[in-house]
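**Q** I am sharing target-v7.cif, which consists of mmCIF, C-alpha atoms:
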data_target
loop_
_atom_site.label_atom_id
_atom_site.label_comp_id
_atom_site.auth_asym_id
_atom_site.auth_seq_id
_atom_site.Cartn_x
_atom_site.Cartn_y
_atom_site.Cartn_z
CA MET A 224 8.44 -18.42 -24.43
CA SER A 225 11.99 -17.32 -25.06
CA VAL A 226 11.91 -14.53 -22.50
CA LYS A 227 9.73 -15.64 -19.68
CA PHE A 228 12.47 -17.35 -17.72
CA VAL A 229 14.61 -14.27 -17.12
CA ILE A 230 15.30 -11.61 -14.52
CA MET A 231 13.26 -12.66 -11.49
CA ASP A 232 14.55 -14.25 -8.28
CA LEU A 233 11.89 -16.94 -8.59
CA ILE A 234 9.68 -18.03 -11.47
CA VAL A 235 7.21 -20.89 -11.42
CA ASN A 236 5.99 -22.08 -14.79
CA CYS A 237 3.27 -24.60 -15.51
CA LEU A 238 3.89 -26.51 -18.74
CA GLU A 239 0.93 -27.93 -20.55
CA GLU A 240 1.44 -31.18 -22.41
CA GLY A 241 1.01 -31.17 -26.16
CA THR A 242 1.55 -27.46 -26.80
CA LEU A 243 2.87 -27.12 -30.33
CA SER A 244 3.32 -23.45 -31.16
CA SER A 245 6.36 -21.41 -30.23
CA LEU A 246 4.45 -18.59 -28.54
CA THR A 247 1.52 -20.39 -26.97
CA PRO A 248 -0.17 -19.00 -23.84
CA ILE A 249 2.50 -20.79 -21.77
CA HIS A 250 3.80 -17.39 -20.70
CA LYS A 251 0.34 -16.58 -19.38
CA ILE A 252 0.71 -19.28 -16.77
CA ALA A 253 4.06 -18.21 -15.37
CA VAL A 254 4.03 -16.93 -11.78
CA LEU A 255 6.82 -14.44 -11.05
CA ILE A 256 7.82 -13.85 -7.44
CA ASP A 257 10.28 -11.39 -5.94
CA MET A 258 10.26 -9.93 -2.47
CA GLU A 259 11.80 -6.71 -3.83
CA GLU A 260 9.49 -4.73 -6.07
CA GLY A 261 12.24 -2.94 -7.97
CA VAL A 262 12.95 -5.80 -10.38
CA VAL A 263 9.25 -6.26 -11.07
CA ASN A 264 8.89 -2.57 -11.82
CA GLU A 265 11.71 -2.89 -14.34
CA ILE A 266 9.76 -5.64 -16.10
CA LEU A 267 6.53 -3.64 -16.15
CA GLN A 268 8.35 -0.66 -17.65
CA GLY A 269 10.75 -2.52 -19.93
CA PRO A 270 10.63 -4.43 -23.22
CA LEU A 271 9.16 -7.52 -21.53
CA ARG A 272 6.09 -5.76 -20.14
CA ASP A 273 3.70 -7.41 -22.62
CA VAL A 274 5.07 -10.90 -22.13
CA PHE A 275 3.84 -11.55 -18.60
CA ASP A 276 0.40 -11.30 -17.07
CA SER A 277 0.64 -8.57 -14.44
CA LYS A 278 -1.88 -10.48 -12.30
CA GLN A 279 0.67 -13.26 -11.94
CA LEU A 280 3.31 -11.13 -10.21
CA ILE A 281 3.83 -11.42 -6.45
CA THR A 282 6.05 -8.89 -4.70
CA ASP A 283 6.92 -7.41 -1.34
CA ILE A 284 8.85 -4.26 -0.48
CA SER A 285 11.52 -5.20 2.04
CA GLY A 286 13.17 -8.19 0.36
CA SER A 287 14.64 -11.21 2.12
CA GLY A 288 17.94 -9.57 3.01
CA ASN A 289 20.06 -12.40 1.53
CA ASN A 290 18.66 -14.62 4.28
CA TRP A 291 17.28 -18.08 3.47
CA ALA A 292 15.39 -18.17 6.75
CA VAL A 293 13.46 -14.98 5.94
CA GLY A 294 12.49 -16.26 2.50
CA HIS A 295 11.61 -19.75 3.70
CA LYS A 296 10.16 -19.20 7.16
CA VAL A 297 8.73 -15.67 6.99
CA PHE A 298 7.67 -15.02 3.40
CA GLY A 299 6.85 -18.68 2.85
CA SER A 300 4.04 -18.74 5.40
CA LEU A 301 3.03 -15.15 4.62
CA TYR A 302 2.51 -15.67 0.88
CA GLN A 303 1.67 -19.39 0.74
CA GLU A 304 -2.06 -18.99 0.11
CA GLN A 305 -1.62 -16.17 -2.41
CA ILE A 306 0.95 -18.16 -4.37
CA LEU A 307 -1.18 -21.30 -4.26
CA GLU A 308 -4.20 -19.41 -5.53
CA LYS A 309 -2.27 -18.14 -8.55
CA LEU A 310 -0.80 -21.58 -9.19
CA ARG A 311 -4.22 -23.23 -9.08
CA LYS A 312 -5.58 -20.69 -11.55
CA SER A 313 -2.58 -21.28 -13.79
CA ALA A 314 -3.02 -25.04 -13.62
CA GLU A 315 -6.68 -24.70 -14.56
CA HIS A 316 -5.64 -23.28 -17.94
CA CYS A 317 -3.85 -26.55 -18.76
CA ASP A 318 -5.73 -29.40 -20.43
CA CYS A 319 -3.04 -31.80 -19.24
CA LEU A 320 -0.61 -30.41 -16.69
CA GLN A 321 2.71 -32.09 -17.34
CA CYS A 322 5.18 -30.45 -14.96
CA PHE A 323 6.20 -27.37 -13.04
CA PHE A 324 9.38 -25.45 -13.82
CA ILE A 325 10.94 -23.50 -10.98
CA ILE A 326 13.71 -21.10 -11.98
CA HIS A 327 15.46 -19.57 -8.99
CA SER A 328 18.76 -18.29 -7.66
CA MET A 329 20.52 -20.09 -4.82
CA GLY A 330 22.68 -17.34 -3.35
CA GLY A 331 20.08 -14.82 -2.18
CA GLY A 332 17.20 -15.06 0.27
CA THR A 333 14.06 -15.12 -1.87
CA GLY A 334 15.21 -17.54 -4.59
CA SER A 335 16.78 -20.00 -2.15
CA GLY A 336 14.33 -19.66 0.74
CA LEU A 337 10.93 -18.96 -0.76
CA GLY A 338 11.85 -20.96 -3.86
CA THR A 339 12.46 -24.16 -1.93
CA PHE A 340 9.47 -23.51 0.35
CA LEU A 341 7.35 -23.42 -2.77
CA LEU A 342 8.86 -26.68 -3.96
CA LYS A 343 7.42 -28.45 -0.90
CA VAL A 344 4.08 -26.68 -1.41
CA LEU A 345 3.92 -27.95 -4.98
CA GLU A 346 4.72 -31.47 -3.83
CA ASP A 347 1.86 -31.38 -1.32
CA GLU A 348 -0.66 -29.70 -3.62
CA PHE A 349 0.21 -31.48 -6.89
CA PRO A 350 1.94 -34.73 -5.79
CA GLU A 351 1.63 -36.40 -9.21
CA VAL A 352 3.08 -33.50 -11.21
CA HIS A 353 6.83 -33.51 -11.79
CA ARG A 354 8.94 -30.62 -10.49
CA PHE A 355 11.86 -29.48 -12.64
CA VAL A 356 14.15 -26.93 -11.01
CA THR A 357 16.70 -24.71 -12.70
CA SER A 358 19.01 -23.52 -9.93
CA ILE A 359 21.53 -20.72 -10.44
CA TYR A 360 24.51 -21.36 -8.15
CA PRO A 361 26.70 -18.49 -6.95
CA SER A 362 30.29 -18.22 -8.12
CA ALA A 363 33.26 -18.13 -5.75
CA GLU A 364 33.46 -14.37 -6.34
CA ASP A 365 29.84 -13.82 -5.38
CA ASP A 366 29.19 -10.56 -3.54
CA VAL A 367 26.63 -12.13 -1.16
CA ILE A 368 28.66 -13.20 1.87
CA THR A 369 25.95 -15.52 3.16
CA SER A 370 25.41 -17.29 -0.19
CA PRO A 371 27.08 -20.54 1.03
CA TYR A 372 24.55 -20.74 3.88
CA ASN A 373 21.63 -20.00 1.58
CA SER A 374 22.76 -22.46 -1.08
CA ILE A 375 23.29 -25.41 1.24
CA LEU A 376 20.07 -24.80 3.16
CA ALA A 377 18.31 -24.74 -0.20
CA MET A 378 20.07 -27.87 -1.43
CA LYS A 379 18.61 -29.94 1.40
CA GLU A 380 15.15 -29.02 0.10
CA LEU A 381 16.16 -29.75 -3.49
CA ASN A 382 17.43 -33.17 -2.44
CA GLU A 383 14.12 -34.01 -0.82
CA HIS A 384 11.45 -32.38 -2.99
CA ALA A 385 12.69 -31.95 -6.58
CA ASP A 386 12.36 -34.52 -9.35
CA CYS A 387 15.11 -33.04 -11.54
CA VAL A 388 17.54 -30.20 -10.88
CA LEU A 389 19.51 -28.45 -13.63
CA PRO A 390 22.35 -26.74 -11.74
CA ILE A 391 23.89 -23.73 -13.48
CA ASP A 392 26.72 -21.63 -12.09
CA ASN A 393 27.14 -17.94 -12.73
CA GLN A 394 30.81 -18.28 -13.62
CA SER A 395 30.06 -20.65 -16.49
CA LEU A 396 27.43 -18.27 -17.83
CA PHE A 397 29.85 -15.37 -17.60
CA ASP A 398 32.53 -17.37 -19.43
CA ILE A 399 30.08 -18.13 -22.24
CA ILE A 400 29.09 -14.49 -22.59
CA SER A 401 32.76 -13.49 -22.57
CA LYS A 402 33.26 -15.73 -25.61
CA ILE A 403 30.38 -13.98 -27.32
CA ASP A 404 31.89 -10.64 -26.36
CA LEU A 405 35.22 -11.60 -27.88
CA MET A 406 33.54 -12.76 -31.06
CA VAL A 407 31.60 -9.53 -31.37
CA ASN A 408 34.65 -7.34 -30.78
CA SER A 409 36.90 -9.38 -33.07
CA GLY A 410 34.97 -8.21 -36.13
CA LYS A 411 35.06 -11.65 -37.72
CA LEU A 412 33.06 -12.22 -40.87
CA GLY A 413 29.47 -13.06 -40.09
CA THR A 414 29.29 -11.57 -36.61
CA ILE A 415 26.35 -9.18 -36.40
CA VAL A 416 24.70 -8.02 -33.20
CA LYS A 417 21.32 -6.35 -33.28
CA PRO A 418 21.88 -3.19 -31.20
CA LYS A 419 18.44 -3.09 -29.59
CA SER A 420 17.64 -6.77 -29.19
CA LEU A 421 16.45 -8.11 -25.85
CA ILE A 422 19.79 -9.67 -25.09
CA THR A 423 21.68 -6.44 -25.70
CA SER A 424 19.27 -4.23 -23.76
CA ASN A 425 22.12 -3.66 -21.33
CA ALA A 426 24.39 -2.14 -23.97
CA GLU A 427 27.14 -1.17 -21.53
CA ALA A 428 27.65 -4.83 -20.63
CA PHE A 429 29.32 -5.43 -23.95
CA LYS A 430 31.38 -2.26 -23.74
CA LYS A 431 32.76 -2.87 -20.28
CA ARG A 432 34.44 -6.25 -19.98
CA HIS A 433 34.30 -6.21 -16.19
CA LYS A 434 30.58 -5.57 -15.92
CA LYS A 435 28.57 -8.78 -15.87
CA PRO A 436 26.01 -8.81 -18.70
CA PHE A 437 23.09 -10.24 -16.76
CA ASP A 438 20.59 -9.92 -19.61
CA ALA A 439 22.77 -12.08 -21.82
CA MET A 440 23.43 -14.60 -19.04
CA ASN A 441 19.70 -14.91 -18.42
CA ASN A 442 19.13 -15.51 -22.11
CA ILE A 443 21.51 -18.46 -22.12
CA VAL A 444 19.34 -20.04 -19.41
CA ALA A 445 16.25 -19.24 -21.46
CA ASN A 446 17.90 -20.95 -24.42
CA LEU A 447 18.40 -24.07 -22.32
CA LEU A 448 14.72 -24.12 -21.42
CA LEU A 449 13.64 -23.51 -25.01
CA ASN A 450 15.52 -26.61 -26.09
CA LEU A 451 14.28 -28.59 -23.11
CA THR A 452 10.63 -27.84 -23.90
CA SER A 453 10.88 -28.03 -27.71
CA SER A 454 9.25 -31.47 -27.85
CA ALA A 455 6.27 -30.12 -25.92
CA ARG A 456 5.89 -27.15 -28.26
CA PHE A 457 6.67 -28.57 -31.70
CA GLU A 458 6.18 -31.76 -33.63
CA GLY A 459 9.05 -34.10 -34.33
CA SER A 460 9.89 -37.60 -35.47
CA LEU A 461 11.07 -38.62 -32.00
CA ASN A 462 9.51 -36.42 -29.33
CA MET A 463 10.45 -36.79 -25.68
CA ASP A 464 7.93 -36.34 -22.91
CA LEU A 465 9.48 -34.19 -20.18
CA ASN A 466 8.59 -36.78 -17.58
CA GLU A 467 10.67 -39.28 -19.53
CA ILE A 468 13.75 -37.27 -18.56
CA SER A 469 13.25 -38.07 -14.90
CA MET A 470 12.29 -41.69 -15.65
CA ASN A 471 15.36 -42.39 -17.78
CA LEU A 472 18.05 -40.14 -16.31
CA VAL A 473 17.43 -40.45 -12.56
CA PRO A 474 18.22 -44.00 -11.39
CA PHE A 475 18.31 -43.06 -7.69
CA PRO A 476 16.06 -40.49 -5.95
CA GLN A 477 18.69 -38.05 -4.71
CA LEU A 478 20.97 -38.27 -7.75
CA HIS A 479 18.71 -36.05 -9.82
CA TYR A 480 21.23 -33.30 -10.69
CA LEU A 481 21.62 -33.11 -14.47
CA VAL A 482 24.53 -31.34 -16.18
CA SER A 483 23.39 -29.37 -19.21
CA SER A 484 25.43 -28.38 -22.24
CA LEU A 485 24.32 -26.40 -25.28
CA THR A 486 25.45 -26.07 -28.85
CA PRO A 487 25.49 -23.65 -30.51
CA LEU A 488 25.98 -21.28 -27.59
CA TYR A 489 25.08 -18.13 -29.41
CA THR A 490 21.48 -18.60 -30.47
CA LEU A 491 19.95 -15.94 -28.23
CA ALA A 492 22.89 -13.57 -28.53
CA ASP A 493 21.69 -12.53 -31.99
CA VAL A 494 25.15 -13.34 -33.29
CA ASN A 495 25.11 -14.75 -36.82
CA ILE A 496 28.01 -17.18 -37.04
CA PRO A 497 28.77 -19.91 -39.57
CA PRO A 498 26.84 -23.04 -38.55
CA ARG A 499 28.67 -25.88 -36.85
CA ARG A 500 28.99 -29.14 -38.73
CA LEU A 501 26.59 -31.73 -37.40
CA ASP A 502 29.25 -34.08 -36.07
CA GLN A 503 31.13 -31.18 -34.50
CA MET A 504 27.93 -30.14 -32.74
CA PHE A 505 27.73 -33.54 -31.04
CA SER A 506 31.38 -33.33 -30.01
CA ASP A 507 30.82 -29.83 -28.60
CA ALA A 508 27.98 -31.09 -26.41
CA PHE A 509 30.45 -33.27 -24.49
CA SER A 510 33.04 -30.53 -24.10
CA LYS A 511 33.35 -28.72 -20.78
CA ASP A 512 33.46 -25.42 -22.70
CA HIS A 513 29.79 -25.84 -23.60
CA GLN A 514 28.54 -26.76 -20.13
CA LEU A 515 26.45 -24.48 -17.96
CA ILE A 516 28.23 -25.72 -14.85
CA ARG A 517 31.95 -26.21 -14.35
CA GLY A 518 33.09 -29.81 -14.54
CA ASP A 519 34.83 -32.35 -16.73
CA PRO A 520 32.27 -34.94 -17.84
CA LYS A 521 34.67 -36.93 -20.04
CA HIS A 522 36.82 -37.78 -17.02
CA SER A 523 33.85 -38.45 -14.77
CA LEU A 524 31.21 -41.16 -14.69
CA TYR A 525 27.93 -41.07 -16.60
CA LEU A 526 24.83 -42.61 -15.09
CA ALA A 527 22.74 -41.69 -18.13
CA CYS A 528 22.59 -39.09 -20.88
CA ALA A 529 19.84 -37.46 -22.97
CA LEU A 530 20.38 -35.79 -26.34
CA MET A 531 17.65 -33.37 -27.42
CA VAL A 532 18.18 -32.31 -31.02
CA ARG A 533 16.34 -29.65 -33.02
CA GLY A 534 16.37 -29.11 -36.78
CA ASN A 535 16.99 -31.18 -39.87
CA VAL A 536 18.68 -34.14 -38.22
CA GLN A 537 17.96 -37.80 -38.90
CA ILE A 538 17.77 -40.66 -36.43
CA SER A 539 20.68 -42.25 -38.28
CA ASP A 540 22.77 -39.14 -37.50
CA LEU A 541 21.96 -39.54 -33.83
CA ARG A 542 22.91 -43.22 -33.75
CA ARG A 543 26.11 -42.68 -35.73
CA ASN A 544 27.34 -39.95 -33.40
CA ILE A 545 26.45 -41.87 -30.26
CA GLU A 546 28.48 -44.84 -31.53
CA ARG A 547 31.33 -42.48 -32.41
CA LEU A 548 31.42 -40.82 -28.99
CA LYS A 549 30.71 -43.83 -26.75
CA PRO A 550 34.31 -45.14 -26.54
CA ALA A 551 35.48 -41.83 -25.01
CA LEU A 552 32.73 -41.71 -22.35
CA GLN A 553 32.65 -43.70 -19.13
CA PHE A 554 29.22 -45.06 -18.24
CA VAL A 555 28.39 -47.04 -15.10
CA SER A 556 28.82 -50.74 -15.66
CA TRP A 557 25.14 -51.50 -15.17
CA ASN A 558 23.89 -48.91 -17.68
CA GLN A 559 26.22 -48.95 -20.68
CA GLU A 560 23.34 -48.16 -23.03
CA GLY A 561 22.00 -45.31 -20.90
CA TRP A 562 21.05 -42.98 -23.77
CA LYS A 563 17.76 -41.16 -24.29
CA THR A 564 17.21 -39.21 -27.51
CA SER A 565 14.67 -36.86 -29.05
CA LEU A 566 14.32 -35.14 -32.42
CA CYS A 567 12.32 -31.96 -32.90
CA SER A 568 11.89 -30.94 -36.51
CA VAL A 569 11.74 -27.17 -35.84
CA PRO A 570 15.22 -25.60 -35.50
CA PRO A 571 16.00 -22.58 -33.32
CA VAL A 572 15.76 -19.19 -34.99
CA GLY A 573 18.80 -18.40 -37.09
CA HIS A 574 20.29 -21.91 -37.02
CA SER A 575 19.81 -25.12 -38.96
CA HIS A 576 20.08 -27.32 -35.88
CA SER A 577 20.91 -27.29 -32.17
CA LEU A 578 21.59 -29.78 -29.42
CA LEU A 579 20.94 -29.87 -25.69
CA ALA A 580 22.69 -32.64 -23.76
CA LEU A 581 21.51 -33.52 -20.26
CA ALA A 582 23.91 -35.78 -18.39
CA ASN A 583 23.57 -37.42 -15.02
CA ASN A 584 27.29 -37.29 -14.38
CA THR A 585 29.48 -37.29 -11.28
CA CYS A 586 31.28 -34.16 -12.52
CA VAL A 587 28.83 -32.08 -10.45
CA LYS A 588 30.57 -33.32 -7.30
CA PRO A 589 33.41 -30.72 -7.26
CA THR A 590 30.85 -27.90 -7.32
CA PHE A 591 29.13 -29.37 -4.28
CA ILE A 592 32.42 -29.97 -2.47
CA GLU A 593 33.54 -26.38 -3.09
CA LEU A 594 30.20 -25.10 -1.82
CA ARG A 595 30.51 -27.20 1.34
CA GLU A 596 34.02 -25.84 1.96
CA ARG A 597 32.78 -22.26 1.66
CA PHE A 598 29.92 -23.11 4.03
CA MET A 599 32.24 -24.63 6.63
CA ARG A 600 34.59 -21.62 6.61
CA LEU A 601 31.70 -19.49 7.80
CA TYR A 602 30.00 -22.05 10.00
CA LYS A 603 33.12 -22.97 11.99
CA LYS A 604 33.31 -19.35 13.15
CA LYS A 605 29.50 -19.12 13.56
CA ALA A 606 29.79 -16.05 11.36
CA HIS A 607 26.49 -14.35 10.46
CA LEU A 608 24.61 -17.18 12.16
CA HIS A 609 22.67 -14.83 14.45
CA HIS A 610 20.91 -13.25 11.47
CA TYR A 611 19.31 -16.62 10.75
CA LEU A 612 18.66 -17.75 14.30
CA GLN A 613 16.66 -14.64 15.15
CA VAL A 614 14.02 -15.74 12.60
CA GLU A 615 11.18 -17.61 14.27
CA GLY A 616 11.33 -21.33 13.59
CA MET A 617 15.01 -21.30 12.58
CA GLU A 618 17.39 -23.36 14.69
CA GLU A 619 21.06 -24.19 14.44
CA SER A 620 20.13 -27.81 13.80
CA CYS A 621 18.85 -26.67 10.38
CA PHE A 622 22.44 -25.90 9.39
CA ARG A 623 23.77 -29.21 10.66
CA GLU A 624 21.06 -31.16 8.88
CA ALA A 625 21.63 -29.24 5.65
CA VAL A 626 25.39 -29.84 5.51
CA SER A 627 24.83 -33.47 6.52
CA SER A 628 22.40 -33.87 3.62
CA LEU A 629 24.96 -32.43 1.20
CA SER A 630 27.73 -34.64 2.59
CA ALA A 631 25.54 -37.70 2.08
CA LEU A 632 24.96 -36.66 -1.52
CA ILE A 633 28.70 -36.18 -2.11
CA GLN A 634 29.34 -39.61 -0.60
CA GLU A 635 26.90 -41.19 -3.07
CA TYR A 636 28.87 -39.64 -5.92
CA ASN A 637 32.12 -40.87 -4.33
CA GLN A 638 30.78 -44.42 -4.25
CA LEU A 639 29.88 -44.20 -7.91
CA ASP A 640 33.28 -42.77 -8.86
CA ALA A 641 34.93 -45.68 -7.06
CA THR A 642 33.37 -48.04 -9.61
CA LYS A 643 35.00 -46.34 -12.63
CA SER A 644 37.82 -48.87 -12.81
CA MET A 645 35.51 -51.86 -12.50
CA PRO A 646 35.29 -54.02 -15.63
CA VAL A 647 32.07 -53.97 -17.59
CA GLN A 648 30.38 -57.33 -17.41
CA ASP A 649 28.81 -58.74 -20.53
CA ILE A 650 25.24 -59.55 -19.67
CA PRO A 651 24.11 -62.68 -21.53
CA ARG A 652 21.32 -62.20 -24.00
CA LEU A 653 17.99 -63.80 -23.26
CA SER A 654 17.72 -67.12 -25.05
CA ILE A 655 14.42 -67.86 -26.72
CA ALA A 656 13.54 -71.45 -27.32
CA VAL A 657 12.12 -72.13 -30.77
#
Write out the structure in this file as C-alpha cells.

**A**
Amino acid sequence: MSVKFVIMDLIVNCLEEGTLSSLTPIHKIAVLIDMEEGVVNEILQGPLRDVFDSKQLITDISGSGNNWAVGHKVFGSLYQEQILEKLRKSAEHCDCLQCFFIIHSMGGGTGSGLGTFLLKVLEDEFPEVHRFVTSIYPSAEDDVITSPYNSILAMKELNEHADCVLPIDNQSLFDIISKIDLMVNSGKLGTIVKPKSLITSNAEAFKKRHKKPFDAMNNIVANLLLNLTSSARFEGSLNMDLNEISMNLVPFPQLHYLVSSLTPLYTLADVNIPPRRLDQMFSDAFSKDHQLIRGDPKHSLYLACALMVRGNVQISDLRRNIERLKPALQFVSWNQEGWKTSLCSVPPVGHSHSLLALANNTCVKPTFIELRERFMRLYKKKAHLHHYLQVEGMEESCFREAVSSLSALIQEYNQLDATKSMPVQDIPRLSIAV
C-alpha cells in the first residue's frame, strides 16, 4: 500500500472496509490513468512494476497538453466507459466498499481535467460512496504557465463533487524533502539512507540541491495516505471509520478542505533518526513546519480537528495533549470541543509512533487567494484562452463560473475569520430532573 499512490497524474483507489493487513489486495483495485504513456512505461519497467495490476492502467499517447478542457471535455467523454468498467470491476472485489480515493495533480491537463470529470462520474455511479481527493497544487514557481487556469477550473468541480479534499502544495513537499536532504548531508548520528530504496531511486535528487526529488515528494504523500487508512488496515483501541472524517470535520458542504500535517516527517525517507518524544510529536502536528500546505493554523480558525495516532499510545496520552494544546488554538465558538481521535496499535515501520492531524482550518484561504490572483493576471489579458475555447463544449463562461465559485469559497472563510474575536458563549448543561 505504501507505494501505490505515487507517480501518476491520476489514481483512483477503492478502499474496502475492514481490511487489516498492511499489504492487502488494496493495490489490486487501484486504477491508474495518464494520458501520456511515458510515465506508465516507467512504472512497468521500474521497481514498482509488481505492485500494480497492468490491466488497471489506462493511457493515451498525446497527453492533455496542460489543458483542463482537453482532459475534462475530450478525454473525459472518450474514456468514460473504459474507466467505469475498470472501476466497477474493482468495486466488485470489495465486500464493503467504503470510499474512493482520487490522487491527482491540479496544474496539468489530465490530473485537473480528467480527474475532476471522473469525480462527477463517481458521484453519479456510486452516489452513496464517499469521495476523498488528494489534490497536489502547483507552486508559484510552477513551469506550467496555464496551471492557474487548470487549478481553478478543477476547484469548481472539487467544490461541487468531493466529500473531502486534502490539498497539498508542491512547495511544502519540497521544503520537507530539503530538510531531509540537510539531515542526510549533515552526517548527524543516526542518519542512514538506504542507497537503493524506493524513495532514493532518483539518486541525483539528493546530490543536486536544485533538482526536485519527485520520488521523495511522492512518498511523503503516500505516507499521509498510509496514516489516513491505518484504521482500515489494522486493529486498534479506537479505530476511526474514514466516513467519520467527513461527518465530524465538514460542518458545511463546501468547506471540506482539510489541512494535513505529519509527524515524524521522515518515515518513508528511510532516515533513521532519534524518535520524537510523545508530547513533542503532538506539538509538531500543529506547527506550520509539518504541514503539507503552506499556512499558519495557530493564527487561524479551527472548525474541527482529527488526530490519527499510530503506535504505543494510550487514550490518556491523547486527552492530556489535547487539553495541553487547546488554549493555544482558536476554535469556532459553536464547536469548542471539535476533536475527533483514533488510535491504531500498529506503528509505522522504523518508528514507535506517528501522528496525522487533519484540520478544517481557515489557514487554507491564503493559498486560494494567491491562486485566484495568478488566475486573474492571465485572465484579464485573455492570455492562452484560445487554447481552451477551441475545445468543443468549452466556453468562456466556464472561466467566469470557476473563479466565481472560488471567490464564494474564499468569502465563506472570510466570514468565519470575522468571528475569531467573538466571545465563546457558555452553553448551559442539560438539567435532568430526578

**Q** Measuring between only C-alpha atoms, which one of A:Leu449, A:Leu461, A:Ile443, A:Leu271 shows the shortest distance to Pro570 (chain A)?

**A**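 With only C-alpha atoms as the atom set, the closest residue is A:Leu449.
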
**Q** Within 7 Å of region 496-511 of chain A, counting all atoms listed in the file, which residues show up once you throw out same-chain ones fewer than 3 positions away? Write them as a list in words, please.

**A**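 Once the nearby chain positions are removed, what remains is Gly413, Thr414, Ser484, Leu485, Thr486, Gln514, Gly518, Asp519, Pro520, Asn544, His574 and Ala580 of chain A.
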
**Q** Could I get the residues of region 316-396 of chain A with an atom no further than 10 Å from an atom of region 293-307 of chain A, each paired with its nearest atom pair and that distance in Å to one decimal, using all atoms listed in the file, sorted by chain and residue number, as a tab-separated table?

**A**
residue	atom	partner	partner_atom	distance
A:Gly331	CA	A:Gly294	CA	9.0
A:Gly332	CA	A:Gly294	CA	5.3
A:Thr333	CA	A:Gly294	CA	4.8
A:Gly334	CA	A:Gly294	CA	7.7
A:Ser335	CA	A:Gly294	CA	7.3
A:Gly336	CA	A:His295	CA	4.0
A:Leu337	CA	A:Gly294	CA	4.5
A:Gly338	CA	A:His295	CA	7.7
A:Thr339	CA	A:His295	CA	7.2
A:Phe340	CA	A:His295	CA	5.5
A:Leu341	CA	A:Gly299	CA	7.4
A:Val344	CA	A:Gln303	CA	8.0
A:Leu345	CA	A:Leu307	CA	8.4
A:Glu348	CA	A:Leu307	CA	8.4
A:Asn373	CA	A:Gly294	CA	9.9
A:Leu376	CA	A:His295	CA	9.9
A:Ala377	CA	A:His295	CA	9.2

**Q** Residues at most 6 Å from region 462-478 of chain A, counting all atoms listed in the file, excluding those fewer than 4 positions away in the same chain, as a PyMOL selection string?

**A** chain A and resi 382+454+527+565-566

**Q** Can you build me a table of region 472-562 of chain A residues sitting at most 9 Å from region 630-648 of chain A, with the closest atom pair per residue and its distance in Å to one decimal, using only C-alpha atoms, sorted by chain and residue number, as JSON lines?

**A**
{"residue": "A:Gln477", "atom": "CA", "partner": "A:Leu632", "partner_atom": "CA", "distance": 7.2}
{"residue": "A:Leu478", "atom": "CA", "partner": "A:Leu632", "partner_atom": "CA", "distance": 7.6}
{"residue": "A:Ser523", "atom": "CA", "partner": "A:Asp640", "partner_atom": "CA", "distance": 7.3}
{"residue": "A:Leu524", "atom": "CA", "partner": "A:Asp640", "partner_atom": "CA", "distance": 6.4}
{"residue": "A:Leu526", "atom": "CA", "partner": "A:Leu639", "partner_atom": "CA", "distance": 8.9}
{"residue": "A:Gln553", "atom": "CA", "partner": "A:Lys643", "partner_atom": "CA", "distance": 7.4}
{"residue": "A:Phe554", "atom": "CA", "partner": "A:Lys643", "partner_atom": "CA", "distance": 8.2}
{"residue": "A:Val555", "atom": "CA", "partner": "A:Lys643", "partner_atom": "CA", "distance": 7.1}
{"residue": "A:Ser556", "atom": "CA", "partner": "A:Val647", "partner_atom": "CA", "distance": 5.0}
{"residue": "A:Trp557", "atom": "CA", "partner": "A:Val647", "partner_atom": "CA", "distance": 7.7}
{"residue": "A:Gln559", "atom": "CA", "partner": "A:Val647", "partner_atom": "CA", "distance": 8.3}

**Q** Restrict the selected residues to C-alpha atoms and save them as an mmCIF file, in the frame of the given file.

**A**
data_model
loop_
_atom_site.group_PDB
_atom_site.id
_atom_site.type_symbol
_atom_site.label_atom_id
_atom_site.label_comp_id
_atom_site.auth_asym_id
_atom_site.auth_seq_id
_atom_site.Cartn_x
_atom_site.Cartn_y
_atom_site.Cartn_z
ATOM 1 C CA GLN A 477 18.690 -38.050 -4.710
ATOM 2 C CA LEU A 478 20.970 -38.270 -7.750
ATOM 3 C CA SER A 523 33.850 -38.450 -14.770
ATOM 4 C CA LEU A 524 31.210 -41.160 -14.690
ATOM 5 C CA LEU A 526 24.830 -42.610 -15.090
ATOM 6 C CA GLN A 553 32.650 -43.700 -19.130
ATOM 7 C CA PHE A 554 29.220 -45.060 -18.240
ATOM 8 C CA VAL A 555 28.390 -47.040 -15.100
ATOM 9 C CA SER A 556 28.820 -50.740 -15.660
ATOM 10 C CA TRP A 557 25.140 -51.500 -15.170
ATOM 11 C CA GLN A 559 26.220 -48.950 -20.680
#

**Q** For region 378-390 of chain A, take all atoms listed in the file, fit an axis-aligned box around them, add 3 Å to each of the six sides, then output centre and edge lengths in Å rounded to one decimal, as AutoDock Vina command-line options.

**A**
--center_x 16.9 --center_y -30.6 --center_z -6.1 --size_x 16.9 --size_y 13.8 --size_z 21.0

**Q** Report the residues retrieved by the PyMOL selection byres ((chain A and resi 387) around 9) from the displayed file, expressed as a PDB file with C-alpha atoms, in the coordinates of the input.

**A**
ATOM      1  CA  HIS A 353       6.830 -33.510 -11.790  1.00  0.00           C
ATOM      2  CA  ARG A 354       8.940 -30.620 -10.490  1.00  0.00           C
ATOM      3  CA  PHE A 355      11.860 -29.480 -12.640  1.00  0.00           C
ATOM      4  CA  VAL A 356      14.150 -26.930 -11.010  1.00  0.00           C
ATOM      5  CA  THR A 357      16.700 -24.710 -12.700  1.00  0.00           C
ATOM      6  CA  LEU A 381      16.160 -29.750  -3.490  1.00  0.00           C
ATOM      7  CA  ALA A 385      12.690 -31.950  -6.580  1.00  0.00           C
ATOM      8  CA  ASP A 386      12.360 -34.520  -9.350  1.00  0.00           C
ATOM      9  CA  VAL A 388      17.540 -30.200 -10.880  1.00  0.00           C
ATOM     10  CA  LEU A 389      19.510 -28.450 -13.630  1.00  0.00           C
ATOM     11  CA  ILE A 468      13.750 -37.270 -18.560  1.00  0.00           C
ATOM     12  CA  SER A 469      13.250 -38.070 -14.900  1.00  0.00           C
ATOM     13  CA  VAL A 473      17.430 -40.450 -12.560  1.00  0.00           C
ATOM     14  CA  LEU A 478      20.970 -38.270  -7.750  1.00  0.00           C
ATOM     15  CA  HIS A 479      18.710 -36.050  -9.820  1.00  0.00           C
ATOM     16  CA  TYR A 480      21.230 -33.300 -10.690  1.00  0.00           C
ATOM     17  CA  LEU A 481      21.620 -33.110 -14.470  1.00  0.00           C
TER      18      LEU A 481
END
